[in-house]
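> Below are the structure tokens for one structure; questions will follow.
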Amino acid sequence: MREPIPTVTLPSGIQVPALGQGTWNMGENSASARDEIASLKTGLDLGMTLIDTAEMYADGGSEEIVGKAIEGRRDEVFLVSKVYPANASRKGAVEACERSLKRLNTDRLDLYLLHWRGNYPLEETVEAFEGLKAAGKIEAWGVSNFDIDDMDELLSVPNGGNVAANQVLYNLSRRGIEYDLLPWCQERSIPIMAYSPIEQGRLLHHPELIRVAKTYQATPAQIALAFLLERDGVISIPKSSNAQRIEENRDSVDIDITDEDWAVLDAAFPPPSRKKSLDML
């Protein structure tokens, strides 16, 4: 029997699974659509009910794939999408959200993120997000690719303290946020959403990760996900269009890594000893 997926509590008190599903690159090829929809449905069946997408992904094609995958199951899903910075004005964010809702075939998002910092003042974007909340179009809002100085600035604007999450690049080979941003967010109960948790597959060829994985009769990807599942307040969103890989991702929850092997991983992928610029893909 599988262990239950750990949960992360949002500032609102809502609990979401710490292991969800990403959709970057989905919707780009119609020949892959069936497999993409099937993989997302498999993830839902396994309890990976948080799905992350964005208007940027395949110019809305990813949202359309997600909409088909969650058809008839919307209430099971914690649905996340993101707005382009160029659309993040008072009016533009509202219009972009409406387009995303249409592609997703739903009346609401559970979480709406600013994809990265743009030219519009944060105060203006937050005002748009708060208006979308008041209208019932989104349940909560957050940000993506925000470093600690961006977060400090965000909290200084009216209603900026309502931020519900920060989605950033975080994995074994990208541990820079552990120096300051991760503890800063943990102290304020602002969850981190870790995108590209296996570095788009590049991590999987690391010899030390392979060796540790063999010790647990696991895949390197499962160990990489287990690393993130150990972190308080972190939500991992791996992407796969392969149902078997989805099953393997889910089974990462059952891996219990020893202190000795954590030390091995720390030696192979050292945590930061100083402030680093925020990594982005």
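Convention: chains lettered A, B, ... in structure tokens order; per-chain residue numbering from 1; ligands numbered from 1 as shown.
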Which polymer residues have any atom within 8 Å of an atom of Ala194 of chain A, counting only C-alpha atoms, with same-chain residues fewer than 2 positions away left out, as a PyMOL selection string?

chain A and resi 167-171+192+196-197+234-237

> List as a PyMOL selection string the protein and nucleic acid residues near segment 113-118 of chain A, meaning an atom at most 8 Å away when only C-alpha atoms are counted, but skip any in the same chain fewer than 3 places from it.

chain A and resi 80-86+88+121+141-146

> Please return, as a VMD selection string, all residues of segment 175-279 of chain A that DSSP assigns to helix (DSSP H, G or I) on the basis of the backbone.

chain A and resid 176 to 178 181 to 187 199 to 205 207 to 215 220 to 229 243 to 254 259 to 268

> Smallest atom-to-atom distance to Asn242 of chain A: which of A:Glu3, A:Gln15, A:Ala213, A:Leu40, using only C-alpha atoms?

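Looking at the shortest contact to Asn242 of chain A, the residue is A:Leu40.
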
> Report, in Å to a single decimal, how far apart atom CA of Ile257 of chain A and atom CA of Ile223 of chain A are.

8.4 Å

> Using only C-alpha atoms, which protein or nucleic acid residues come within 10 Å of Glu98 of chain A? Drop anything in the same chain fewer than 4 positions from it, and give the result as a list in words.

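In the requested format, the answer is Gly92, Ala93, Val94, Lys102, Arg103, Leu104, Thr106, Asp107, Arg108, Leu132 and Lys137 of chain A.
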
> Give me, please, the distance in Å between atom CA of Val157 of chain A and atom CA of Ser277 of chain A, quoted to one decimal.

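Here the two named atoms are 23.2 Å from each other.
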
> Enumerate as an MDAnalysis selection string all residues of segment 15-213 of chain A assigned to strand (DSSP E) by DSSP on the backbone, naming them with the chain letters and numbers the document uses.

chainID A and resid 15:17 50:52 78:83 111:114 141:144 166:169 192:195

> Output C-alpha atoms for every residue in the selection just made, as a PDB file, in the first residue's frame.


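Everything below was put into part.pdb:
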ATOM      1  CA  GLN A  15      -3.990  21.733   2.257  1.00  0.00           C
ATOM      2  CA  VAL A  16      -2.617  20.703  -1.118  1.00  0.00           C
ATOM      3  CA  PRO A  17      -0.473  17.704  -2.090  1.00  0.00           C
ATOM      4  CA  LEU A  50      -2.428  19.824  -7.947  1.00  0.00           C
ATOM      5  CA  ILE A  51      -1.928  20.704 -11.636  1.00  0.00           C
ATOM      6  CA  ASP A  52       0.185  23.664 -12.712  1.00  0.00           C
ATOM      7  CA  PHE A  78      -6.219  22.280  -7.196  1.00  0.00           C
ATOM      8  CA  LEU A  79      -5.744  24.241 -10.411  1.00  0.00           C
ATOM      9  CA  VAL A  80      -2.856  26.658 -10.893  1.00  0.00           C
ATOM     10  CA  SER A  81      -2.135  28.906 -13.873  1.00  0.00           C
ATOM     11  CA  LYS A  82       0.126  31.872 -14.532  1.00  0.00           C
ATOM     12  CA  VAL A  83      -0.176  35.235 -16.247  1.00  0.00           C
ATOM     13  CA  LEU A 111      -4.178  29.789  -7.576  1.00  0.00           C
ATOM     14  CA  TYR A 112      -3.123  32.430 -10.134  1.00  0.00           C
ATOM     15  CA  LEU A 113       0.544  33.370 -10.362  1.00  0.00           C
ATOM     16  CA  LEU A 114       2.496  36.255 -11.873  1.00  0.00           C
ATOM     17  CA  TRP A 141      -2.850  34.459  -6.006  1.00  0.00           C
ATOM     18  CA  GLY A 142       0.902  34.179  -5.869  1.00  0.00           C
ATOM     19  CA  VAL A 143       4.102  34.821  -7.780  1.00  0.00           C
ATOM     20  CA  SER A 144       6.800  32.943  -9.657  1.00  0.00           C
ATOM     21  CA  ASN A 166       6.184  31.507  -4.844  1.00  0.00           C
ATOM     22  CA  GLN A 167       7.053  29.144  -7.700  1.00  0.00           C
ATOM     23  CA  VAL A 168      10.784  28.911  -8.393  1.00  0.00           C
ATOM     24  CA  LEU A 169      13.384  26.618  -9.924  1.00  0.00           C
ATOM     25  CA  ILE A 192       7.519  27.252  -2.405  1.00  0.00           C
ATOM     26  CA  MET A 193       6.468  25.496  -5.608  1.00  0.00           C
ATOM     27  CA  ALA A 194       9.501  23.751  -7.109  1.00  0.00           C
ATOM     28  CA  TYR A 195       9.440  23.661 -10.896  1.00  0.00           C
TER      29      TYR A 195
END

> Residues at most 10 Å from Ser189 of chain A, counting only C-alpha atoms, excluding those fewer than 5 positions away in the same chain, as a PyMOL selection string?

chain A and resi 8-11+164-165+183-184+232-233

> Do a neighbour search on Val77 of chain A at 9 Å with only C-alpha atoms, toss out local chain neighbours closer than 6 positions, and write the hits as a PyMOL selection string.

chain A and resi 44+48-51+70+110

> Quick one: residues within 8 Å of Gly60 of chain A, only C-alpha atoms, excluding same-chain residues fewer than 3 positions away - as a PyMOL selection string?

chain A and resi 27+54-57+63-64+100+103

> Using Å and a single decimal, report how far atom CA of Leu155 of chain A sits from atom CA of Arg174 of chain A.

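Straight-line distance from atom CA of Arg174 of chain A to atom CA of Leu155 of chain A works out to 25.2 Å.
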
> Of the residues A:Ile37, A:Ala267, A:Ile148, A:Ala96, which is the one nearest to Glu208 of chain A, using only C-alpha atoms?

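Closest candidate: A:Ala267.
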
> So, with only C-alpha atoms as the atoms that count, which of A:Asp259, A:Glu139, A:Glu124, A:Asp45 lies closest to Ile14 of chain A?

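Answer, going by the shortest atom-to-atom distance: A:Glu139.
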
> Have a look at A:Leu265, A:Met26, A:Glu71, A:Pro238 and name the one nearest to Arg211 of chain A; count only C-alpha atoms.

A:Leu265

> Could you name the residues that touch Ser240 of chain A at 8 Å or less, counting only C-alpha atoms, but leaving out those on the same chain fewer than 4 positions away, as a PyMOL selection string?

chain A and resi 21-23+36+39+245-246

> With distances taken over only C-alpha atoms, which of A:Arg74, A:Lys41, A:Lys91, A:Arg274 is nearest to Leu109 of chain A?

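Among A:Arg74, A:Lys41, A:Lys91, A:Arg274, it is A:Arg74 that comes nearest to Leu109 of chain A.
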